[in-house]
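All remarks here apply to the structure that follows.
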Amino acid sequence: MAYSEKVIDHYENPRNVGSFDKNDPSVVTGMVGAPACGDVMKLQLKIDDNGIIEDAKFKTYGCGSAIASSSLVTEWVKGKTIEQAQAIKNTDIAEELALPPVKIHCSILAEDAIKAALEDYKSKHQK
Amino acid sequence: MNYFELFSLSPVYDLDTALLAERYRDLQRTVHPDKFANASEQDKRIAVQRTAQVNDGYNTLKHPILRAEHMLSLKGIDLSHESTTVKDTQFLMQQMEWRESLEAIKHCDDPDKLIDQLHHSFADYREQITAQMSQLVGSDDQQALLDAADLIRKLKFMAKLQDELARAEDALF
């Protein structure tokens with residue numbers, strides 16, 4: 001299967017790989033996994049007092065498409081509000097990376113990672 | 001297609017695999033396309049289809065995860081074509097940790113010891129999940145079946161880890 005140039009670019013030069021200090025109160029974490037391929041994805045967002053996503057980091061164990069999807073997402077969410085980040089759809093990711101149908105689940109995983117991280121934000125801010 | 005019926009076996013997770021292999025050989029002989037060399041085109045086609053079915057059935061029932069999935073599919077829960085995301089944070093944290101350990105194999109001083117530890121950890125966890133799953137997968141209770149589905153998803157992650165461990169081991173030599 002041929003990967004698109006954008007996937008290869010993100011795969012070879014992944015943006016924002018790594019972790020934030022999880023004890024930092026402005027950091028929220030989303031963990032998701034895809035049983036079909038065993039991929040695991042961790043997305044961390046640093047969200048300021050105004051609800052703006054200041055920074056993002058990811059760590060993904062999976063195929064090139066899964067790594068590219070999460071790398072792309074960290075670029076996209078930076079500077080966005082929570083509502084804007086919530087609106088990112090897997091179809092946007094799949095289209096940007098020209099993912100073939102068999103790799104659509106990688107973009108779903110990345111969308112779900114954003115959702116999981118924002119869930120973590122909500123649960124932390126309800127207290 | 002109910003593969004348990006195909007091999008005249010009772011639909012249980014703890015299958016007699018020797019009996020399965022025996023039934024497989026018997027069935028394979030009766031439907032083998034060579035036996036239909038002088039038969040009509042239609043009969044030949046049917047024999048080829050039956051052979052494929054018998055092979056698929058055998059491969060499914062022989063494989064523990066596929067067998068469990070097949071049992072669920074017979075009860076209307078299809079796991080093989082799903083793109084469900086697992087969100088169990090504690091489980092996924094453990095997966096991440098194990099993936100990090102796998103990465104550490106190639107840099108550590110005593111890779112054999114680490115590989116050995118990981119083999120044990122994976123096997124312990126897999127046995128624990130399999131024991132729970134095998135209790136639930138034969139149930140007729142919908143919630144028990146959904147719980148079994150969750151455990152099968154976890155076993156798929158463990159299968160992936162096992163593959164990665166084998167690959168890391170191979171890379172050492």
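Chain identifiers are assigned as A, B, and so on, following the order in which chains appear in the structure tokens; residues are numbered from 1 within each chain, and ligands are numbered from 1 in order of appearance.
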
Mind running chain A against chain B at 9 Å and telling me each contacting residue's nearest atom pair with the distance in Å (one decimal), counting only C-alpha atoms, chain and number ascending, as CSV?
```
residue,atom,partner,partner_atom,distance
A:Gly30,CA,B:Thr89,CA,8.2
A:Met31,CA,B:Thr89,CA,5.9
A:Val32,CA,B:Lys87,CA,5.0
A:Gly33,CA,B:Val86,CA,5.0
A:Ala34,CA,B:Thr85,CA,5.1
A:Pro35,CA,B:Arg153,CA,5.3
A:Ala36,CA,B:Ser83,CA,6.8
A:Cys37,CA,B:Lys160,CA,7.3
A:Gly38,CA,B:Phe157,CA,4.6
A:Asp39,CA,B:Phe157,CA,7.8
A:Val40,CA,B:Met96,CA,6.9
A:Met41,CA,B:Met96,CA,8.3
A:Lys42,CA,B:Met96,CA,8.4
A:Lys59,CA,B:Met96,CA,8.9
A:Thr60,CA,B:Met96,CA,8.6
A:Tyr61,CA,B:Arg99,CA,7.3
A:His105,CA,B:Ser83,CA,6.1
A:Ile108,CA,B:Thr85,CA,8.1
A:Leu109,CA,B:Thr85,CA,6.5
A:Asp112,CA,B:Thr85,CA,7.4
A:Ala113,CA,B:Lys87,CA,8.9
A:Ala116,CA,B:Lys87,CA,7.7
```

Can you list, as a CSV table (one decimal) with all heavy atoms, in the first residue's frame, every protein, DNA or RNA residue that comes within 12 Å of Leu15 of chain B when you count only C-alpha atoms, leaving out same-chain residues fewer than 3 positions away?
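Wrote it out as selection.csv, contents follow:
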```
chain,number,residue,atom,x,y,z
B,4,PHE,N,-19.1,-24.5,14.3
B,4,PHE,CA,-19.2,-25.6,15.3
B,4,PHE,C,-20.1,-26.7,14.7
B,4,PHE,O,-19.8,-27.9,14.8
B,4,PHE,CB,-19.8,-25.1,16.6
B,4,PHE,CG,-18.9,-24.2,17.4
B,4,PHE,CD1,-19.1,-22.9,17.3
B,4,PHE,CD2,-17.9,-24.8,18.1
B,4,PHE,CE1,-18.2,-22.0,18.0
B,4,PHE,CE2,-17.0,-23.9,18.8
B,4,PHE,CZ,-17.2,-22.5,18.8
B,7,PHE,N,-18.4,-28.8,12.0
B,7,PHE,CA,-17.5,-29.9,12.4
B,7,PHE,C,-18.2,-30.8,13.5
B,7,PHE,O,-17.5,-31.6,14.2
B,7,PHE,CB,-16.2,-29.3,13.1
B,7,PHE,CG,-15.4,-28.6,12.0
B,7,PHE,CD1,-15.4,-27.2,11.9
B,7,PHE,CD2,-14.5,-29.3,11.2
B,7,PHE,CE1,-14.6,-26.6,10.9
B,7,PHE,CE2,-13.7,-28.7,10.3
B,7,PHE,CZ,-13.8,-27.4,10.1
B,8,SER,N,-19.5,-30.6,13.6
B,8,SER,CA,-20.3,-31.4,14.6
B,8,SER,C,-19.7,-31.3,16.0
B,8,SER,O,-19.5,-32.4,16.7
B,8,SER,CB,-20.4,-32.9,14.2
B,8,SER,OG,-20.8,-33.0,12.8
B,9,LEU,N,-19.4,-30.1,16.4
B,9,LEU,CA,-18.8,-29.9,17.8
B,9,LEU,C,-19.8,-29.1,18.6
B,9,LEU,O,-20.5,-28.2,18.0
B,9,LEU,CB,-17.5,-29.2,17.6
B,9,LEU,CG,-16.3,-30.0,17.0
B,9,LEU,CD1,-15.2,-29.0,16.6
B,9,LEU,CD2,-15.8,-31.1,17.9
B,10,SER,N,-19.8,-29.2,19.9
B,10,SER,CA,-20.6,-28.4,20.7
B,10,SER,C,-19.9,-27.0,20.8
B,10,SER,O,-18.7,-26.9,20.9
B,10,SER,CB,-20.9,-28.9,22.1
B,10,SER,OG,-19.8,-29.7,22.6
B,11,PRO,N,-20.8,-25.9,20.8
B,11,PRO,CA,-20.3,-24.6,20.7
B,11,PRO,C,-19.7,-24.1,22.0
B,11,PRO,O,-20.3,-23.2,22.7
B,11,PRO,CB,-21.5,-23.8,20.3
B,11,PRO,CG,-22.6,-24.5,20.8
B,11,PRO,CD,-22.2,-26.0,20.8
B,12,VAL,N,-18.6,-24.6,22.4
B,12,VAL,CA,-17.9,-24.2,23.7
B,12,VAL,C,-16.6,-23.6,23.4
B,12,VAL,O,-15.9,-23.9,22.4
B,12,VAL,CB,-17.8,-25.3,24.7
B,12,VAL,CG1,-19.2,-25.8,25.1
B,12,VAL,CG2,-17.0,-26.5,24.0
B,18,ALA,N,-7.9,-31.7,19.5
B,18,ALA,CA,-7.5,-32.9,18.8
B,18,ALA,C,-8.7,-33.4,18.0
B,18,ALA,O,-8.6,-33.8,16.8
B,18,ALA,CB,-7.1,-33.9,19.8
B,19,LEU,N,-9.9,-33.3,18.6
B,19,LEU,CA,-11.1,-33.8,17.9
B,19,LEU,C,-11.4,-32.9,16.7
B,19,LEU,O,-11.8,-33.3,15.7
B,19,LEU,CB,-12.3,-33.7,18.9
B,19,LEU,CG,-13.6,-34.3,18.4
B,19,LEU,CD1,-13.5,-35.8,18.0
B,19,LEU,CD2,-14.7,-34.2,19.5
B,20,LEU,N,-11.2,-31.6,16.9
B,20,LEU,CA,-11.4,-30.6,15.8
B,20,LEU,C,-10.5,-31.0,14.6
B,20,LEU,O,-10.9,-31.0,13.5
B,20,LEU,CB,-11.1,-29.2,16.3
B,20,LEU,CG,-11.0,-28.1,15.2
B,20,LEU,CD1,-12.3,-27.9,14.5
B,20,LEU,CD2,-10.4,-26.8,15.7
B,21,ALA,N,-9.2,-31.3,14.9
B,21,ALA,CA,-8.3,-31.6,13.9
B,21,ALA,C,-8.7,-32.9,13.1
B,21,ALA,O,-8.6,-33.0,11.9
B,21,ALA,CB,-6.9,-31.8,14.5
B,61,LEU,N,-11.8,-21.9,14.3
B,61,LEU,CA,-12.0,-22.6,15.5
B,61,LEU,C,-10.7,-22.9,16.2
B,61,LEU,O,-10.6,-23.0,17.5
B,61,LEU,CB,-12.8,-23.8,15.3
B,61,LEU,CG,-14.3,-23.6,14.9
B,61,LEU,CD1,-15.0,-25.0,14.9
B,61,LEU,CD2,-15.0,-22.6,15.8
B,62,LYS,N,-9.6,-23.1,15.5
B,62,LYS,CA,-8.3,-23.4,16.0
B,62,LYS,C,-7.7,-22.3,16.8
B,62,LYS,O,-7.0,-22.5,17.8
B,62,LYS,CB,-7.4,-23.8,14.8
B,62,LYS,CG,-6.1,-24.4,15.2
B,62,LYS,CD,-5.3,-24.7,13.9
B,62,LYS,CE,-5.0,-23.5,13.1
B,62,LYS,NZ,-4.0,-23.7,12.0
B,63,HIS,N,-8.0,-21.1,16.3
B,63,HIS,CA,-7.4,-19.9,16.9
B,63,HIS,C,-8.3,-19.3,18.1
B,63,HIS,O,-9.4,-19.0,17.9
B,63,HIS,CB,-7.3,-18.8,15.8
B,63,HIS,CG,-6.5,-17.6,16.2
B,63,HIS,ND1,-6.9,-16.7,17.1
B,63,HIS,CD2,-5.3,-17.2,15.7
B,63,HIS,CE1,-6.0,-15.8,17.2
B,63,HIS,NE2,-5.0,-16.0,16.4
B,64,PRO,N,-7.7,-19.3,19.3
B,64,PRO,CA,-8.5,-18.9,20.5
B,64,PRO,C,-9.3,-17.6,20.3
B,64,PRO,O,-10.5,-17.6,20.7
B,64,PRO,CB,-7.5,-18.8,21.6
B,64,PRO,CG,-6.4,-19.7,21.2
B,64,PRO,CD,-6.3,-19.6,19.7
B,67,ARG,N,-12.0,-18.0,17.6
B,67,ARG,CA,-13.0,-18.9,18.1
B,67,ARG,C,-14.0,-18.1,18.9
B,67,ARG,O,-15.2,-18.2,18.8
B,67,ARG,CB,-12.4,-20.0,18.8
B,67,ARG,CG,-13.4,-21.1,19.3
B,67,ARG,CD,-12.8,-22.1,20.3
B,67,ARG,NE,-11.5,-22.5,19.9
B,67,ARG,CZ,-10.5,-22.6,20.7
B,67,ARG,NH1,-10.6,-22.4,22.0
B,67,ARG,NH2,-9.3,-23.0,20.3
B,68,ALA,N,-13.5,-17.3,19.9
B,68,ALA,CA,-14.3,-16.5,20.8
B,68,ALA,C,-15.1,-15.5,20.0
B,68,ALA,O,-16.3,-15.3,20.2
B,68,ALA,CB,-13.5,-15.8,21.8
B,71,MET,N,-18.0,-17.3,18.3
B,71,MET,CA,-19.0,-17.6,19.2
B,71,MET,C,-19.9,-16.3,19.4
B,71,MET,O,-21.2,-16.4,19.5
B,71,MET,CB,-18.5,-18.0,20.6
B,71,MET,CG,-17.9,-19.4,20.5
B,71,MET,SD,-17.1,-19.9,22.1
B,71,MET,CE,-18.6,-20.2,23.1
B,134,SER,N,-13.6,-16.7,29.0
B,134,SER,CA,-14.2,-18.0,28.6
B,134,SER,C,-15.4,-18.3,29.5
B,134,SER,O,-16.3,-19.1,29.1
B,134,SER,CB,-13.1,-19.1,28.8
B,134,SER,OG,-12.7,-19.2,30.1
B,138,GLY,N,-19.8,-18.0,26.6
B,138,GLY,CA,-20.9,-19.0,26.3
B,138,GLY,C,-22.2,-18.7,26.8
B,138,GLY,O,-23.2,-19.4,26.7
```

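Of the listed residues A:Ile104, A:Asp9, A:Gly79, A:Asp92, the one whose atoms come nearest to Ile47 of chain A is A:Gly79, with distances taken using only C-alpha atoms.
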
So what do you get for atom CA of Arg50 of chain B versus atom CA of Gln28 of chain B, distance-wise?
->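 Answer for the atom CA of Arg50 of chain B to atom CA of Gln28 of chain B separation: 8.8 Å.
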
Can you tell me which residues surround Ile52 of chain A at a distance of at most 9 Å, considering only C-alpha atoms, apart from same-chain residues fewer than 5 positions away, and format the answer as a tab-separated table (two decimals) with N, CA and C atoms, in the first residue's frame?
```
chain	number	residue	atom	x	y	z
A	46	LYS	N	-2.22	21.05	26.63
A	46	LYS	CA	-1.99	22.05	27.68
A	46	LYS	C	-3.01	23.15	27.42
A	47	ILE	N	-3.94	23.32	28.33
A	47	ILE	CA	-5.04	24.26	28.10
A	47	ILE	C	-4.95	25.41	29.11
A	78	LYS	N	-3.41	23.26	18.26
A	78	LYS	CA	-2.69	24.37	18.90
A	78	LYS	C	-3.32	25.70	18.56
A	79	GLY	N	-3.61	26.50	19.61
A	79	GLY	CA	-4.21	27.81	19.41
A	79	GLY	C	-5.73	27.77	19.30
A	80	LYS	N	-6.29	26.57	19.26
A	80	LYS	CA	-7.75	26.45	19.13
A	80	LYS	C	-8.43	26.50	20.50
A	81	THR	N	-9.71	26.88	20.47
A	81	THR	CA	-10.51	26.77	21.69
A	81	THR	C	-10.98	25.33	21.82
A	82	ILE	N	-11.51	25.01	23.00
A	82	ILE	CA	-11.99	23.65	23.22
A	82	ILE	C	-13.10	23.30	22.22
```

As a PyMOL selection string, please: all residues of chain A that backbone DSSP puts in strand (DSSP E).
-> chain A and resi 27-34+39-47+53-61

Okay, now the selection with C-alpha atoms, as a PDB file, in the first residue's frame?
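Generated file (selection17.pdb):
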```
ATOM      1  CA  VAL A  27      -2.354  19.291  31.234  1.00  0.00           C
ATOM      2  CA  VAL A  28      -5.102  16.879  30.201  1.00  0.00           C
ATOM      3  CA  THR A  29      -4.627  13.428  28.691  1.00  0.00           C
ATOM      4  CA  GLY A  30      -6.580  11.321  26.232  1.00  0.00           C
ATOM      5  CA  MET A  31      -5.731   7.642  25.859  1.00  0.00           C
ATOM      6  CA  VAL A  32      -7.323   5.540  23.135  1.00  0.00           C
ATOM      7  CA  GLY A  33      -6.652   2.231  21.443  1.00  0.00           C
ATOM      8  CA  ALA A  34      -7.852   0.347  18.362  1.00  0.00           C
ATOM      9  CA  ASP A  39      -2.581   0.675  18.057  1.00  0.00           C
ATOM     10  CA  VAL A  40      -2.329   2.801  21.191  1.00  0.00           C
ATOM     11  CA  MET A  41      -2.430   6.606  21.162  1.00  0.00           C
ATOM     12  CA  LYS A  42      -1.821   9.152  23.926  1.00  0.00           C
ATOM     13  CA  LEU A  43      -2.659  12.794  23.299  1.00  0.00           C
ATOM     14  CA  GLN A  44      -1.858  15.461  25.868  1.00  0.00           C
ATOM     15  CA  LEU A  45      -3.123  19.041  25.694  1.00  0.00           C
ATOM     16  CA  LYS A  46      -1.993  22.049  27.677  1.00  0.00           C
ATOM     17  CA  ILE A  47      -5.037  24.265  28.099  1.00  0.00           C
ATOM     18  CA  ILE A  53      -5.071  24.931  23.742  1.00  0.00           C
ATOM     19  CA  GLU A  54      -1.543  26.283  24.185  1.00  0.00           C
ATOM     20  CA  ASP A  55       0.402  23.179  23.302  1.00  0.00           C
ATOM     21  CA  ALA A  56      -0.046  19.509  22.415  1.00  0.00           C
ATOM     22  CA  LYS A  57       2.058  16.373  22.511  1.00  0.00           C
ATOM     23  CA  PHE A  58       1.445  12.807  21.444  1.00  0.00           C
ATOM     24  CA  LYS A  59       2.838   9.347  21.747  1.00  0.00           C
ATOM     25  CA  THR A  60       1.518   6.683  19.392  1.00  0.00           C
ATOM     26  CA  TYR A  61       2.396   3.048  18.928  1.00  0.00           C
TER      27      TYR A  61
END
```

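If only C-alpha atoms are the atoms counted, then among A:Gly18, A:Pro25, A:Gly64, A:Gly51 the closest residue to Tyr3 of chain A is A:Gly64.
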
Within 10 Å of Ala171 of chain B using only C-alpha atoms, minus same-chain residues under 5 positions, as a CSV table (one decimal) with C-alpha atoms, in the first residue's frame:
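To be explicit, this is the file written out as part.csv:
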```csv
chain,number,residue,atom,x,y,z
B,105,ILE,CA,14.9,-4.1,24.7
B,106,LYS,CA,17.4,-2.9,22.0
B,165,LEU,CA,7.9,-9.0,21.4
B,166,ALA,CA,8.7,-11.8,18.9
```
